[in-house]
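Trainee: Quick one: structure below, then a few questions.
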Amino acid sequence: YNGLYWHSEAAGRFRGYHTKKTEAAAKINIRLFHLFEDEWRDRQEIVKSMIRHRLGLTSSRVQARTCSVKRLTSLETTSFFAVNHIDGHTRCKAAFGLIDSAGKIVAAASVRTPLTKANRDNTLEIARLCCLLNTSVPGSTGKLLSAVTCYAQELGATRIMSYVDGRH
């Protein structure tokens, strides 16, 4: 649990402190889960879901191969990521969801033009990707990436990029 002040550069923590701590732990087969004060305060249900998933205690499991892919509306996109992604919703060009047999979105990915100018040429960025709270969807990343790839081809993009938050 990382307090916002005591785990910041303002308190003397050097840039990359948490990355180095994670790498050192990994060398002795310990996997850290970094959690910041504001994430616990503001996104507690998402954090609890993430912890349960890492402990193998996820309450629901849906196979991606049993789901259909749907391009999500703006409202569906905003609502899904606001409730299920640790960073909430962000602006995007398009989003795709995996829909289970009951018609519920169980996983989603959104895409946008990259924020950095160096990466904008013919590139599409995966901005968000997550599953429904307390739900494991094996195969979801691959199935959503296939949908994003088709969309990228429609736009004439030749590259797809994404960032991963290694703290979680």
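By order in the structure tokens, chains are A, B, ...; within a chain, residues start at 1; ligands start at 1, following the order shown.
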Identify, on the basis of only C-alpha atoms, every residue whose closest approach to range 90-100 of chain A does not exceed 7 Å; exclude the query and any residue fewer than 6 positions from it along the same chain; express the result as an MDAnalysis selection string.
Mentor: chainID A and resid 66:72 77 106:112 144
Trainee: Any idea what's packed within 7 Å of range 124-136 of chain A, counting only C-alpha atoms, ignoring anything in its chain fewer than 6 positions away? Could you give it as a VMD selection string?
Mentor: chain A and resid 46 49 58 to 62 84 to 85 106 to 114 152 157 159 to 162
Trainee: Would you return as a PyMOL selection string the members of range 57-151 of chain A that DSSP assigns to helix (DSSP H, G or I) on this structure's backbone?
Mentor: chain A and resi 64-66+74-84+117-119+140-151
Trainee: Using Å and a single decimal, report how far CA of Val164 in chain A sits from CA of Val137 in chain A.
Mentor: 18.2 Å
Trainee: In terms of the shortest atom-to-atom distance over only C-alpha atoms, which of A:Thr22, A:Asp87, A:Gly166, A:Gly3 is closest to Asp42 in chain A?
Mentor: A:Asp87
Trainee: Applying 10 Å and only C-alpha atoms, which residues near Arg167 in chain A remain after dropping the ones on its own chain fewer than 3 positions away? List them as a ChimeraX atom specification.
Mentor: /A:18-19,22,31-36,164
Trainee: For Ser79 in chain A, which residue among A:Val148, A:Ile105, A:Gln44, A:Gly142 is the nearest when counting only C-alpha atoms?
Mentor: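 Closest to Ser79 in chain A of all the choices is A:Ile105.
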Trainee: Please, what distance in Å, to one decimal, runs between CA of Tyr151 in chain A and CA of Asn119 in chain A?
Mentor: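 Atom-to-atom, CA of Tyr151 in chain A and CA of Asn119 in chain A are spaced 17.7 Å apart.
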Trainee: Skip Arg43 in chain A itself and residues of its chain fewer than 3 positions away, then list as number ranges by chain all residues within 10 Å of it, counting only C-alpha atoms.
Mentor: A: 37-40, 46-48, 82-88
Trainee: As a PyMOL selection string, list the residues of range 15-166 of chain A assigned to strand (DSSP E or B) by DSSP on the backbone atoms of this structure.
Mentor: chain A and resi 36+60-61+68-71+94-99+105-112+123-131+135-136+159-162
Trainee: Taking only C-alpha atoms into account, name the residue in A:Gly56, A:Ile51, A:Arg41, A:Gln63 that is nearest to Leu4 in chain A.
Mentor: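 Among the listed residues, A:Arg41 lies closest to Leu4 in chain A.
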Trainee: What separation in Å, quoted to one decimal, exists between CA of Ala64 in chain A and CA of Gly103 in chain A?
Mentor: 13.3 Å
